[in-house]
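A.B. asks: Structure file coords.cif (mmCIF, N, CA and C atoms) is given on the next line.
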```
data_run
loop_
_atom_site.label_atom_id
_atom_site.label_comp_id
_atom_site.auth_asym_id
_atom_site.auth_seq_id
_atom_site.Cartn_x
_atom_site.Cartn_y
_atom_site.Cartn_z
N MET C 1499 17.99 -1.98 3.68
CA MET C 1499 16.58 -2.33 3.69
C MET C 1499 16.45 -3.83 3.89
N GLU C 1500 15.48 -4.21 4.71
CA GLU C 1500 15.23 -5.62 5.01
C GLU C 1500 14.40 -6.28 3.90
N SER C 1501 14.62 -7.57 3.72
CA SER C 1501 13.75 -8.36 2.85
C SER C 1501 12.42 -8.56 3.54
N PHE C 1502 11.43 -9.00 2.80
CA PHE C 1502 10.07 -9.17 3.32
C PHE C 1502 9.74 -10.66 3.27
N GLU C 1503 9.14 -11.18 4.36
CA GLU C 1503 8.80 -12.61 4.34
C GLU C 1503 7.61 -12.93 5.23
N ILE C 1504 6.69 -13.68 4.65
CA ILE C 1504 5.59 -14.29 5.40
C ILE C 1504 5.63 -15.77 5.05
N ALA C 1505 5.75 -16.61 6.07
CA ALA C 1505 5.85 -18.05 5.86
C ALA C 1505 4.50 -18.66 5.49
N MET C 1506 4.54 -19.76 4.78
CA MET C 1506 3.34 -20.47 4.36
C MET C 1506 2.80 -21.32 5.50
N SER C 1507 1.47 -21.40 5.59
CA SER C 1507 0.82 -22.32 6.50
C SER C 1507 -0.11 -23.19 5.66
N GLU C 1508 -0.87 -24.03 6.30
CA GLU C 1508 -1.76 -24.93 5.58
C GLU C 1508 -2.81 -24.17 4.75
N ASP C 1509 -3.30 -23.06 5.29
CA ASP C 1509 -4.36 -22.30 4.62
C ASP C 1509 -3.93 -20.96 4.06
N GLU C 1510 -2.67 -20.60 4.25
CA GLU C 1510 -2.21 -19.29 3.84
C GLU C 1510 -0.95 -19.41 2.98
N PRO C 1511 -0.81 -18.54 2.00
CA PRO C 1511 0.33 -18.60 1.09
C PRO C 1511 1.61 -18.03 1.71
N PHE C 1512 2.73 -18.30 1.05
CA PHE C 1512 3.97 -17.61 1.43
C PHE C 1512 4.12 -16.41 0.52
N LEU C 1513 4.79 -15.41 1.03
CA LEU C 1513 5.10 -14.22 0.26
C LEU C 1513 6.43 -13.70 0.76
N ASN C 1514 7.42 -13.72 -0.11
CA ASN C 1514 8.71 -13.18 0.29
C ASN C 1514 9.30 -12.34 -0.84
N ALA C 1515 10.07 -11.37 -0.45
CA ALA C 1515 10.67 -10.46 -1.41
C ALA C 1515 12.10 -10.16 -0.98
N ASN C 1516 13.02 -10.33 -1.90
CA ASN C 1516 14.43 -10.14 -1.62
C ASN C 1516 14.81 -8.68 -1.89
N ALA C 1517 15.27 -8.00 -0.87
CA ALA C 1517 15.59 -6.58 -0.97
C ALA C 1517 16.85 -6.32 -1.80
N LYS C 1518 17.67 -7.33 -2.02
CA LYS C 1518 18.88 -7.13 -2.80
C LYS C 1518 18.66 -7.37 -4.29
N THR C 1519 17.79 -8.33 -4.63
CA THR C 1519 17.63 -8.71 -6.03
C THR C 1519 16.32 -8.25 -6.67
N GLY C 1520 15.34 -7.88 -5.87
CA GLY C 1520 14.04 -7.52 -6.43
C GLY C 1520 13.22 -8.71 -6.84
N GLU C 1521 13.53 -9.89 -6.31
CA GLU C 1521 12.77 -11.09 -6.63
C GLU C 1521 11.68 -11.30 -5.58
N ILE C 1522 10.45 -11.49 -6.06
CA ILE C 1522 9.29 -11.69 -5.20
C ILE C 1522 8.73 -13.07 -5.48
N ASN C 1523 8.51 -13.85 -4.44
CA ASN C 1523 7.94 -15.19 -4.57
C ASN C 1523 6.64 -15.25 -3.79
N PHE C 1524 5.61 -15.74 -4.46
CA PHE C 1524 4.27 -15.76 -3.88
C PHE C 1524 3.62 -17.07 -4.29
N GLY C 1525 3.25 -17.90 -3.31
CA GLY C 1525 2.68 -19.19 -3.68
C GLY C 1525 2.03 -19.92 -2.53
N GLY C 1526 1.48 -21.08 -2.87
CA GLY C 1526 0.79 -21.91 -1.89
C GLY C 1526 -0.71 -21.88 -2.12
N ARG C 1527 -1.44 -22.20 -1.06
CA ARG C 1527 -2.91 -22.23 -1.12
C ARG C 1527 -3.46 -21.05 -0.33
N ILE C 1528 -4.56 -20.48 -0.84
CA ILE C 1528 -5.19 -19.36 -0.13
C ILE C 1528 -6.59 -19.80 0.26
N LEU C 1529 -6.76 -20.13 1.54
CA LEU C 1529 -8.04 -20.57 2.07
C LEU C 1529 -8.45 -19.76 3.29
N THR C 1530 -7.81 -18.67 3.53
CA THR C 1530 -7.98 -17.92 4.77
C THR C 1530 -9.00 -16.79 4.63
N TYR C 1531 -9.30 -16.13 5.73
CA TYR C 1531 -10.29 -15.05 5.77
C TYR C 1531 -9.78 -13.79 5.07
N LEU C 1532 -10.71 -13.03 4.53
CA LEU C 1532 -10.37 -11.83 3.77
C LEU C 1532 -9.60 -10.81 4.60
N GLU C 1533 -10.00 -10.63 5.87
CA GLU C 1533 -9.32 -9.65 6.71
C GLU C 1533 -7.85 -10.00 6.88
N VAL C 1534 -7.56 -11.28 7.01
CA VAL C 1534 -6.18 -11.73 7.17
C VAL C 1534 -5.39 -11.41 5.90
N LEU C 1535 -6.01 -11.65 4.75
CA LEU C 1535 -5.32 -11.39 3.48
C LEU C 1535 -4.97 -9.92 3.34
N THR C 1536 -5.89 -9.05 3.70
CA THR C 1536 -5.66 -7.62 3.58
C THR C 1536 -4.69 -7.12 4.63
N ASP C 1537 -4.92 -7.48 5.89
CA ASP C 1537 -4.13 -6.95 7.00
C ASP C 1537 -2.73 -7.56 7.08
N GLN C 1538 -2.61 -8.86 6.85
CA GLN C 1538 -1.33 -9.53 7.06
C GLN C 1538 -0.51 -9.69 5.79
N TYR C 1539 -1.14 -9.56 4.64
CA TYR C 1539 -0.41 -9.76 3.39
C TYR C 1539 -0.31 -8.48 2.57
N TYR C 1540 -1.46 -8.02 2.08
CA TYR C 1540 -1.43 -6.93 1.11
C TYR C 1540 -0.85 -5.64 1.69
N ALA C 1541 -1.37 -5.19 2.81
CA ALA C 1541 -0.93 -3.91 3.37
C ALA C 1541 0.58 -3.88 3.68
N PRO C 1542 1.12 -4.88 4.38
CA PRO C 1542 2.56 -4.84 4.65
C PRO C 1542 3.41 -4.96 3.38
N PHE C 1543 2.95 -5.79 2.42
CA PHE C 1543 3.70 -5.94 1.18
C PHE C 1543 3.67 -4.63 0.38
N ALA C 1544 2.53 -3.97 0.33
CA ALA C 1544 2.41 -2.70 -0.38
C ALA C 1544 3.38 -1.68 0.20
N SER C 1545 3.49 -1.63 1.51
CA SER C 1545 4.44 -0.70 2.15
C SER C 1545 5.87 -1.06 1.80
N TRP C 1546 6.18 -2.36 1.83
CA TRP C 1546 7.54 -2.80 1.50
C TRP C 1546 7.88 -2.42 0.06
N LEU C 1547 6.97 -2.72 -0.88
CA LEU C 1547 7.25 -2.45 -2.30
C LEU C 1547 7.41 -0.95 -2.55
N LYS C 1548 6.63 -0.15 -1.89
CA LYS C 1548 6.75 1.31 -2.04
C LYS C 1548 8.14 1.77 -1.61
N GLU C 1549 8.58 1.30 -0.45
CA GLU C 1549 9.91 1.68 0.04
C GLU C 1549 11.00 1.14 -0.88
N PHE C 1550 10.89 -0.12 -1.27
CA PHE C 1550 11.89 -0.73 -2.15
C PHE C 1550 12.00 0.04 -3.46
N SER C 1551 10.87 0.37 -4.04
CA SER C 1551 10.85 1.08 -5.33
C SER C 1551 11.42 2.49 -5.22
N SER C 1552 11.22 3.13 -4.08
CA SER C 1552 11.71 4.49 -3.91
C SER C 1552 13.22 4.54 -3.71
N LYS C 1553 13.82 3.45 -3.26
CA LYS C 1553 15.26 3.45 -2.98
C LYS C 1553 16.11 3.15 -4.21
N GLY C 1554 15.50 2.61 -5.27
CA GLY C 1554 16.25 2.33 -6.49
C GLY C 1554 17.34 1.29 -6.31
N ILE C 1555 17.09 0.30 -5.45
CA ILE C 1555 18.08 -0.73 -5.14
C ILE C 1555 18.36 -1.62 -6.35
N SER C 1556 17.32 -1.94 -7.10
CA SER C 1556 17.46 -2.82 -8.26
C SER C 1556 16.70 -2.21 -9.43
N ASN C 1557 17.19 -2.44 -10.64
CA ASN C 1557 16.46 -1.96 -11.81
C ASN C 1557 15.58 -3.05 -12.41
N LYS C 1558 15.58 -4.23 -11.77
CA LYS C 1558 14.74 -5.34 -12.23
C LYS C 1558 13.80 -5.78 -11.11
N LEU C 1559 12.63 -6.22 -11.50
CA LEU C 1559 11.66 -6.76 -10.56
C LEU C 1559 11.14 -8.05 -11.17
N THR C 1560 11.23 -9.14 -10.41
CA THR C 1560 10.73 -10.44 -10.88
C THR C 1560 9.75 -10.95 -9.85
N ILE C 1561 8.56 -11.32 -10.32
CA ILE C 1561 7.59 -11.93 -9.43
C ILE C 1561 7.30 -13.34 -9.92
N ASN C 1562 7.48 -14.30 -9.02
CA ASN C 1562 7.22 -15.71 -9.29
C ASN C 1562 5.96 -16.09 -8.53
N LEU C 1563 4.91 -16.43 -9.27
CA LEU C 1563 3.64 -16.84 -8.66
C LEU C 1563 3.46 -18.34 -8.85
N SER C 1564 3.24 -19.03 -7.76
CA SER C 1564 3.07 -20.48 -7.79
C SER C 1564 1.94 -20.84 -6.84
N LEU C 1565 0.73 -20.53 -7.26
CA LEU C 1565 -0.44 -20.73 -6.40
C LEU C 1565 -1.10 -22.07 -6.72
N ASP C 1566 -1.33 -22.86 -5.69
CA ASP C 1566 -2.00 -24.15 -5.86
C ASP C 1566 -3.51 -24.00 -5.93
N TYR C 1567 -4.01 -23.08 -5.12
CA TYR C 1567 -5.45 -22.87 -5.07
C TYR C 1567 -5.73 -21.49 -4.49
N PHE C 1568 -6.74 -20.82 -5.04
CA PHE C 1568 -7.27 -19.60 -4.44
C PHE C 1568 -8.72 -19.49 -4.85
N ASN C 1569 -9.53 -18.93 -3.96
CA ASN C 1569 -10.94 -18.76 -4.27
C ASN C 1569 -11.18 -17.36 -4.85
N THR C 1570 -12.41 -17.11 -5.24
CA THR C 1570 -12.75 -15.84 -5.87
C THR C 1570 -12.47 -14.66 -4.95
N ALA C 1571 -12.77 -14.82 -3.67
CA ALA C 1571 -12.52 -13.73 -2.72
C ALA C 1571 -11.03 -13.40 -2.64
N ALA C 1572 -10.19 -14.42 -2.57
CA ALA C 1572 -8.74 -14.20 -2.51
C ALA C 1572 -8.23 -13.57 -3.80
N GLU C 1573 -8.83 -13.96 -4.90
CA GLU C 1573 -8.47 -13.38 -6.20
C GLU C 1573 -8.69 -11.87 -6.19
N LYS C 1574 -9.82 -11.46 -5.60
CA LYS C 1574 -10.21 -10.04 -5.62
C LYS C 1574 -9.48 -9.19 -4.60
N VAL C 1575 -9.13 -9.76 -3.44
CA VAL C 1575 -8.52 -8.93 -2.39
C VAL C 1575 -7.02 -9.14 -2.23
N LEU C 1576 -6.44 -10.14 -2.91
CA LEU C 1576 -5.01 -10.35 -2.74
C LEU C 1576 -4.26 -10.54 -4.06
N VAL C 1577 -4.63 -11.53 -4.86
CA VAL C 1577 -3.85 -11.84 -6.07
C VAL C 1577 -3.90 -10.67 -7.06
N TYR C 1578 -5.09 -10.27 -7.45
CA TYR C 1578 -5.23 -9.16 -8.41
C TYR C 1578 -4.65 -7.85 -7.86
N PRO C 1579 -4.95 -7.48 -6.61
CA PRO C 1579 -4.35 -6.24 -6.09
C PRO C 1579 -2.82 -6.26 -6.05
N ILE C 1580 -2.22 -7.40 -5.77
CA ILE C 1580 -0.75 -7.47 -5.78
C ILE C 1580 -0.23 -7.26 -7.20
N LEU C 1581 -0.89 -7.87 -8.17
CA LEU C 1581 -0.47 -7.67 -9.56
C LEU C 1581 -0.65 -6.22 -10.00
N LYS C 1582 -1.74 -5.59 -9.59
CA LYS C 1582 -1.96 -4.18 -9.92
C LYS C 1582 -0.91 -3.30 -9.25
N LEU C 1583 -0.50 -3.67 -8.06
CA LEU C 1583 0.55 -2.94 -7.36
C LEU C 1583 1.87 -3.05 -8.12
N ILE C 1584 2.20 -4.25 -8.56
CA ILE C 1584 3.41 -4.44 -9.37
C ILE C 1584 3.32 -3.58 -10.64
N GLU C 1585 2.16 -3.60 -11.26
CA GLU C 1585 1.94 -2.82 -12.47
C GLU C 1585 2.15 -1.32 -12.20
N GLU C 1586 1.67 -0.85 -11.07
CA GLU C 1586 1.81 0.56 -10.70
C GLU C 1586 3.28 0.99 -10.63
N TYR C 1587 4.12 0.11 -10.10
CA TYR C 1587 5.54 0.43 -9.94
C TYR C 1587 6.38 0.04 -11.15
N GLN C 1588 5.78 -0.57 -12.15
CA GLN C 1588 6.51 -1.03 -13.33
C GLN C 1588 7.37 0.05 -13.99
N PRO C 1589 6.92 1.29 -14.11
CA PRO C 1589 7.75 2.31 -14.76
C PRO C 1589 9.09 2.59 -14.05
N LYS C 1590 9.23 2.22 -12.80
CA LYS C 1590 10.46 2.47 -12.05
C LYS C 1590 11.56 1.46 -12.38
N TYR C 1591 11.24 0.43 -13.15
CA TYR C 1591 12.18 -0.65 -13.42
C TYR C 1591 12.43 -0.80 -14.91
N SER C 1592 13.66 -1.17 -15.26
CA SER C 1592 13.97 -1.41 -16.67
C SER C 1592 13.40 -2.74 -17.13
N GLN C 1593 13.17 -3.64 -16.19
CA GLN C 1593 12.63 -4.95 -16.55
C GLN C 1593 11.73 -5.46 -15.42
N VAL C 1594 10.50 -5.85 -15.77
CA VAL C 1594 9.59 -6.49 -14.84
C VAL C 1594 9.19 -7.82 -15.46
N THR C 1595 9.44 -8.89 -14.73
CA THR C 1595 9.13 -10.24 -15.21
C THR C 1595 8.12 -10.87 -14.28
N VAL C 1596 7.06 -11.42 -14.86
CA VAL C 1596 6.06 -12.16 -14.09
C VAL C 1596 6.08 -13.60 -14.57
N ASN C 1597 6.44 -14.51 -13.68
CA ASN C 1597 6.44 -15.94 -13.99
C ASN C 1597 5.26 -16.59 -13.29
N TRP C 1598 4.35 -17.17 -14.06
CA TRP C 1598 3.16 -17.83 -13.53
C TRP C 1598 3.39 -19.34 -13.62
N TYR C 1599 3.69 -19.94 -12.46
CA TYR C 1599 3.90 -21.39 -12.38
C TYR C 1599 2.55 -22.05 -12.11
N TYR C 1600 2.29 -23.14 -12.82
CA TYR C 1600 1.01 -23.84 -12.65
C TYR C 1600 1.23 -25.33 -12.95
N PRO C 1601 0.41 -26.18 -12.32
CA PRO C 1601 0.51 -27.61 -12.64
C PRO C 1601 0.07 -27.82 -14.10
N SER C 1602 0.87 -28.52 -14.87
CA SER C 1602 0.58 -28.66 -16.30
C SER C 1602 -0.75 -29.36 -16.57
N TYR C 1603 -1.28 -30.08 -15.60
CA TYR C 1603 -2.57 -30.75 -15.76
C TYR C 1603 -3.75 -29.83 -15.38
N ASP C 1604 -3.48 -28.63 -14.89
CA ASP C 1604 -4.53 -27.76 -14.37
C ASP C 1604 -4.80 -26.58 -15.31
N ASP C 1605 -5.68 -26.80 -16.27
CA ASP C 1605 -6.02 -25.76 -17.24
C ASP C 1605 -6.66 -24.54 -16.58
N ASP C 1606 -7.39 -24.77 -15.49
CA ASP C 1606 -8.03 -23.65 -14.80
C ASP C 1606 -7.00 -22.69 -14.23
N MET C 1607 -5.92 -23.22 -13.69
CA MET C 1607 -4.89 -22.34 -13.13
C MET C 1607 -4.15 -21.60 -14.24
N LEU C 1608 -3.93 -22.25 -15.37
CA LEU C 1608 -3.35 -21.56 -16.53
C LEU C 1608 -4.29 -20.46 -16.99
N ASP C 1609 -5.57 -20.77 -17.10
CA ASP C 1609 -6.56 -19.77 -17.51
C ASP C 1609 -6.59 -18.58 -16.55
N ALA C 1610 -6.47 -18.85 -15.26
CA ALA C 1610 -6.47 -17.77 -14.26
C ALA C 1610 -5.31 -16.82 -14.52
N GLY C 1611 -4.14 -17.36 -14.80
CA GLY C 1611 -2.99 -16.52 -15.11
C GLY C 1611 -3.23 -15.67 -16.35
N GLN C 1612 -3.84 -16.27 -17.36
CA GLN C 1612 -4.12 -15.54 -18.59
C GLN C 1612 -5.14 -14.42 -18.36
N VAL C 1613 -6.10 -14.67 -17.49
CA VAL C 1613 -7.07 -13.62 -17.15
C VAL C 1613 -6.37 -12.47 -16.43
N PHE C 1614 -5.53 -12.80 -15.45
CA PHE C 1614 -4.80 -11.74 -14.74
C PHE C 1614 -3.92 -10.94 -15.70
N GLU C 1615 -3.28 -11.63 -16.62
CA GLU C 1615 -2.44 -10.92 -17.59
C GLU C 1615 -3.28 -9.96 -18.44
N SER C 1616 -4.48 -10.40 -18.83
CA SER C 1616 -5.34 -9.55 -19.66
C SER C 1616 -5.88 -8.34 -18.90
N LEU C 1617 -5.91 -8.42 -17.58
CA LEU C 1617 -6.42 -7.33 -16.76
C LEU C 1617 -5.34 -6.33 -16.33
N THR C 1618 -4.10 -6.62 -16.70
CA THR C 1618 -2.99 -5.75 -16.33
C THR C 1618 -2.17 -5.42 -17.58
N GLU C 1619 -1.21 -4.55 -17.40
CA GLU C 1619 -0.26 -4.22 -18.47
C GLU C 1619 1.03 -5.03 -18.30
N LEU C 1620 0.97 -6.11 -17.53
CA LEU C 1620 2.13 -6.95 -17.29
C LEU C 1620 2.16 -8.09 -18.31
N THR C 1621 3.36 -8.54 -18.64
CA THR C 1621 3.52 -9.69 -19.53
C THR C 1621 3.92 -10.89 -18.69
N PHE C 1622 3.22 -11.99 -18.87
CA PHE C 1622 3.46 -13.20 -18.08
C PHE C 1622 4.25 -14.23 -18.88
N ASN C 1623 5.09 -14.96 -18.18
CA ASN C 1623 5.69 -16.20 -18.68
C ASN C 1623 4.95 -17.33 -18.00
N TYR C 1624 4.50 -18.32 -18.77
CA TYR C 1624 3.74 -19.44 -18.21
C TYR C 1624 4.65 -20.66 -18.16
N ILE C 1625 4.77 -21.20 -16.95
CA ILE C 1625 5.69 -22.31 -16.72
C ILE C 1625 4.92 -23.44 -16.07
N GLY C 1626 4.62 -24.47 -16.86
CA GLY C 1626 3.90 -25.63 -16.33
C GLY C 1626 4.86 -26.65 -15.76
N TRP C 1627 4.44 -27.30 -14.73
CA TRP C 1627 5.23 -28.39 -14.17
C TRP C 1627 4.35 -29.61 -14.06
N ARG C 1628 4.95 -30.78 -14.02
CA ARG C 1628 4.22 -32.05 -14.14
C ARG C 1628 3.88 -32.71 -12.83
N SER C 1629 4.50 -32.34 -11.77
CA SER C 1629 4.28 -33.00 -10.49
C SER C 1629 3.00 -32.51 -9.82
N HIS C 1630 2.43 -33.37 -9.00
CA HIS C 1630 1.28 -32.99 -8.18
C HIS C 1630 1.74 -32.38 -6.86
N ILE C 1631 3.02 -32.26 -6.69
CA ILE C 1631 3.60 -31.68 -5.48
C ILE C 1631 3.72 -30.18 -5.68
N THR C 1632 3.47 -29.43 -4.62
CA THR C 1632 3.55 -27.97 -4.70
C THR C 1632 4.92 -27.54 -5.17
N HIS C 1633 4.94 -26.65 -6.14
CA HIS C 1633 6.19 -26.08 -6.63
C HIS C 1633 6.64 -25.01 -5.64
N VAL C 1634 7.79 -25.18 -5.09
CA VAL C 1634 8.30 -24.22 -4.11
C VAL C 1634 9.53 -23.55 -4.70
N MET C 1635 9.57 -22.24 -4.61
CA MET C 1635 10.70 -21.48 -5.14
C MET C 1635 11.73 -21.29 -4.08
#
```
Rewrite the coordinates I just gave you, this time as structure tokens.
C.D. replies:
Amino acid sequence: MESFEIAMSEDEPFLNANAKTGEINFGGRILTYLEVLTDQYYAPFASWLKEFSSKGISNKLTINLSLDYFNTAAEKVLVYPILKLIEEYQPKYSQVTVNWYYPSYDDDMLDAGQVFESLTELTFNYIGWRSHITHVM
């Protein structure tokens, strides 16, 4: 099975998933149109995760989220749906880890992670960093 990867651009996040380890990295800024988020990100990733989960390649799933900015529309059509998708497949894994990376000076981004955690059955680890430079995994 192939790994999944969408490269980051100025207005669009990166999303990659390693087919050998079950590690998913999602980050950057989300400033793009809703159709792009659904068609180019969510739908292909949902298909990849379904196939990956059905093959039993790994018993662990780790998602690292490092978002610099996202608007309400992106929250509703991409960030939350991806987390709900992870939650849906959670029973297939012995361990699911969600790491929410955020700038330590940005309480709003920390709060956003806490809201997402409260809306899902996933447990988040919160990892603040001090630099104003985008955290890249």
A.B. asks: Provide the atom N of C:Met1499 to atom CA of C:Val1534 distance in Å, to one decimal place.
C.D. replies: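 Spanning atom N of C:Met1499 to atom CA of C:Val1534 is a straight-line distance of 26.3 Å.
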A.B. asks: Translate the PyMOL selection byres ((chain C and resi 1578-1595) around 7), as applied to the file shown, into an explicit residue set as a list in words.
C.D. replies: Tyr1540, Ser1551, Ser1556, Asn1557, Lys1558, Leu1559, Thr1560, Ile1561, Asn1562, Ala1572, Glu1573, Lys1574, Val1575, Leu1576, Val1577, Val1596, Asn1597, Phe1614, Thr1618, Glu1619, Leu1620, Thr1621, Phe1622 and Asn1623 of chain C
A.B. asks: Just asking: which residues within chain C are strand (DSSP E) according to DSSP, as a compact mmCIF listing (two decimals) with N, CA and C atoms, in the frame of the given file?
C.D. replies:
```
# COMPACT_ATOMS: atom_id res chain seq x y z
N PHE C 1502 11.43 -9.00 2.80
CA PHE C 1502 10.07 -9.17 3.32
C PHE C 1502 9.74 -10.66 3.27
N GLU C 1503 9.14 -11.18 4.36
CA GLU C 1503 8.80 -12.61 4.34
C GLU C 1503 7.61 -12.93 5.23
N ILE C 1504 6.69 -13.68 4.65
CA ILE C 1504 5.59 -14.29 5.40
C ILE C 1504 5.63 -15.77 5.05
N PHE C 1512 2.73 -18.30 1.05
CA PHE C 1512 3.97 -17.61 1.43
C PHE C 1512 4.12 -16.41 0.52
N LEU C 1513 4.79 -15.41 1.03
CA LEU C 1513 5.10 -14.22 0.26
C LEU C 1513 6.43 -13.70 0.76
N ASN C 1514 7.42 -13.72 -0.11
CA ASN C 1514 8.71 -13.18 0.29
C ASN C 1514 9.30 -12.34 -0.84
N ALA C 1515 10.07 -11.37 -0.45
CA ALA C 1515 10.67 -10.46 -1.41
C ALA C 1515 12.10 -10.16 -0.98
N GLU C 1521 13.53 -9.89 -6.31
CA GLU C 1521 12.77 -11.09 -6.63
C GLU C 1521 11.68 -11.30 -5.58
N ILE C 1522 10.45 -11.49 -6.06
CA ILE C 1522 9.29 -11.69 -5.20
C ILE C 1522 8.73 -13.07 -5.48
N ASN C 1523 8.51 -13.85 -4.44
CA ASN C 1523 7.94 -15.19 -4.57
C ASN C 1523 6.64 -15.25 -3.79
N PHE C 1524 5.61 -15.74 -4.46
CA PHE C 1524 4.27 -15.76 -3.88
C PHE C 1524 3.62 -17.07 -4.29
N GLY C 1525 3.25 -17.90 -3.31
CA GLY C 1525 2.68 -19.19 -3.68
C GLY C 1525 2.03 -19.92 -2.53
N GLY C 1526 1.48 -21.08 -2.87
CA GLY C 1526 0.79 -21.91 -1.89
C GLY C 1526 -0.71 -21.88 -2.12
N ARG C 1527 -1.44 -22.20 -1.06
CA ARG C 1527 -2.91 -22.23 -1.12
C ARG C 1527 -3.46 -21.05 -0.33
N ILE C 1528 -4.56 -20.48 -0.84
CA ILE C 1528 -5.19 -19.36 -0.13
C ILE C 1528 -6.59 -19.80 0.26
N LYS C 1558 15.58 -4.23 -11.77
CA LYS C 1558 14.74 -5.34 -12.23
C LYS C 1558 13.80 -5.78 -11.11
N LEU C 1559 12.63 -6.22 -11.50
CA LEU C 1559 11.66 -6.76 -10.56
C LEU C 1559 11.14 -8.05 -11.17
N THR C 1560 11.23 -9.14 -10.41
CA THR C 1560 10.73 -10.44 -10.88
C THR C 1560 9.75 -10.95 -9.85
N ILE C 1561 8.56 -11.32 -10.32
CA ILE C 1561 7.59 -11.93 -9.43
C ILE C 1561 7.30 -13.34 -9.92
N ASN C 1562 7.48 -14.30 -9.02
CA ASN C 1562 7.22 -15.71 -9.29
C ASN C 1562 5.96 -16.09 -8.53
N LEU C 1563 4.91 -16.43 -9.27
CA LEU C 1563 3.64 -16.84 -8.66
C LEU C 1563 3.46 -18.34 -8.85
N SER C 1564 3.24 -19.03 -7.76
CA SER C 1564 3.07 -20.48 -7.79
C SER C 1564 1.94 -20.84 -6.84
N LEU C 1565 0.73 -20.53 -7.26
CA LEU C 1565 -0.44 -20.73 -6.40
C LEU C 1565 -1.10 -22.07 -6.72
N ASP C 1566 -1.33 -22.86 -5.69
CA ASP C 1566 -2.00 -24.15 -5.86
C ASP C 1566 -3.51 -24.00 -5.93
N TYR C 1567 -4.01 -23.08 -5.12
CA TYR C 1567 -5.45 -22.87 -5.07
C TYR C 1567 -5.73 -21.49 -4.49
N PHE C 1568 -6.74 -20.82 -5.04
CA PHE C 1568 -7.27 -19.60 -4.44
C PHE C 1568 -8.72 -19.49 -4.85
N GLN C 1593 13.17 -3.64 -16.19
CA GLN C 1593 12.63 -4.95 -16.55
C GLN C 1593 11.73 -5.46 -15.42
N VAL C 1594 10.50 -5.85 -15.77
CA VAL C 1594 9.59 -6.49 -14.84
C VAL C 1594 9.19 -7.82 -15.46
N THR C 1595 9.44 -8.89 -14.73
CA THR C 1595 9.13 -10.24 -15.21
C THR C 1595 8.12 -10.87 -14.28
N VAL C 1596 7.06 -11.42 -14.86
CA VAL C 1596 6.06 -12.16 -14.09
C VAL C 1596 6.08 -13.60 -14.57
N ASN C 1597 6.44 -14.51 -13.68
CA ASN C 1597 6.44 -15.94 -13.99
C ASN C 1597 5.26 -16.59 -13.29
N TRP C 1598 4.35 -17.17 -14.06
CA TRP C 1598 3.16 -17.83 -13.53
C TRP C 1598 3.39 -19.34 -13.62
N TYR C 1599 3.69 -19.94 -12.46
CA TYR C 1599 3.90 -21.39 -12.38
C TYR C 1599 2.55 -22.05 -12.11
N TYR C 1600 2.29 -23.14 -12.82
CA TYR C 1600 1.01 -23.84 -12.65
C TYR C 1600 1.23 -25.33 -12.95
N PRO C 1601 0.41 -26.18 -12.32
CA PRO C 1601 0.51 -27.61 -12.64
C PRO C 1601 0.07 -27.82 -14.10
N PHE C 1622 3.22 -11.99 -18.87
CA PHE C 1622 3.46 -13.20 -18.08
C PHE C 1622 4.25 -14.23 -18.88
N ASN C 1623 5.09 -14.96 -18.18
CA ASN C 1623 5.69 -16.20 -18.68
C ASN C 1623 4.95 -17.33 -18.00
N TYR C 1624 4.50 -18.32 -18.77
CA TYR C 1624 3.74 -19.44 -18.21
C TYR C 1624 4.65 -20.66 -18.16
N ILE C 1625 4.77 -21.20 -16.95
CA ILE C 1625 5.69 -22.31 -16.72
C ILE C 1625 4.92 -23.44 -16.07
N GLY C 1626 4.62 -24.47 -16.86
CA GLY C 1626 3.90 -25.63 -16.33
C GLY C 1626 4.86 -26.65 -15.76
N TRP C 1627 4.44 -27.30 -14.73
CA TRP C 1627 5.23 -28.39 -14.17
C TRP C 1627 4.35 -29.61 -14.06
```
A.B. asks: Mind pulling up the distance from atom CA of C:Gln1538 to atom CA of C:Lys1553?
C.D. replies: 23.3 Å
A.B. asks: Report, in Å to a single decimal, how far apart atom N of C:Tyr1599 and atom C of C:Arg1628 are.
C.D. replies: 12.8 Å
A.B. asks: Applying 8 Å and only N, CA and C atoms, which residues near C:Leu1513 remain after dropping the ones on its own chain fewer than 6 positions away? List them as a list in words.
C.D. replies: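 Contacts, in chain order: Phe1502, Glu1503, Ile1504, Ala1505, Met1506, Ile1522, Asn1523, Phe1524, Gly1525, Gly1526 and Tyr1539 of chain C.
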A.B. asks: Using the chain letters and numbering of this document, enumerate as a list in words the residues selected by the PyMOL selection byres (((chain C and resi 1600 and name CA) around 8) and name CA).
C.D. replies: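 On the file shown, the PyMOL selection byres (((chain C and resi 1600 and name CA) around 8) and name CA) covers Ser1564, Leu1565, Asp1566, Trp1598, Tyr1599, Pro1601, Ser1602, Asp1604, Met1607, Leu1608, Tyr1624, Ile1625, Gly1626 and Trp1627 of chain C.
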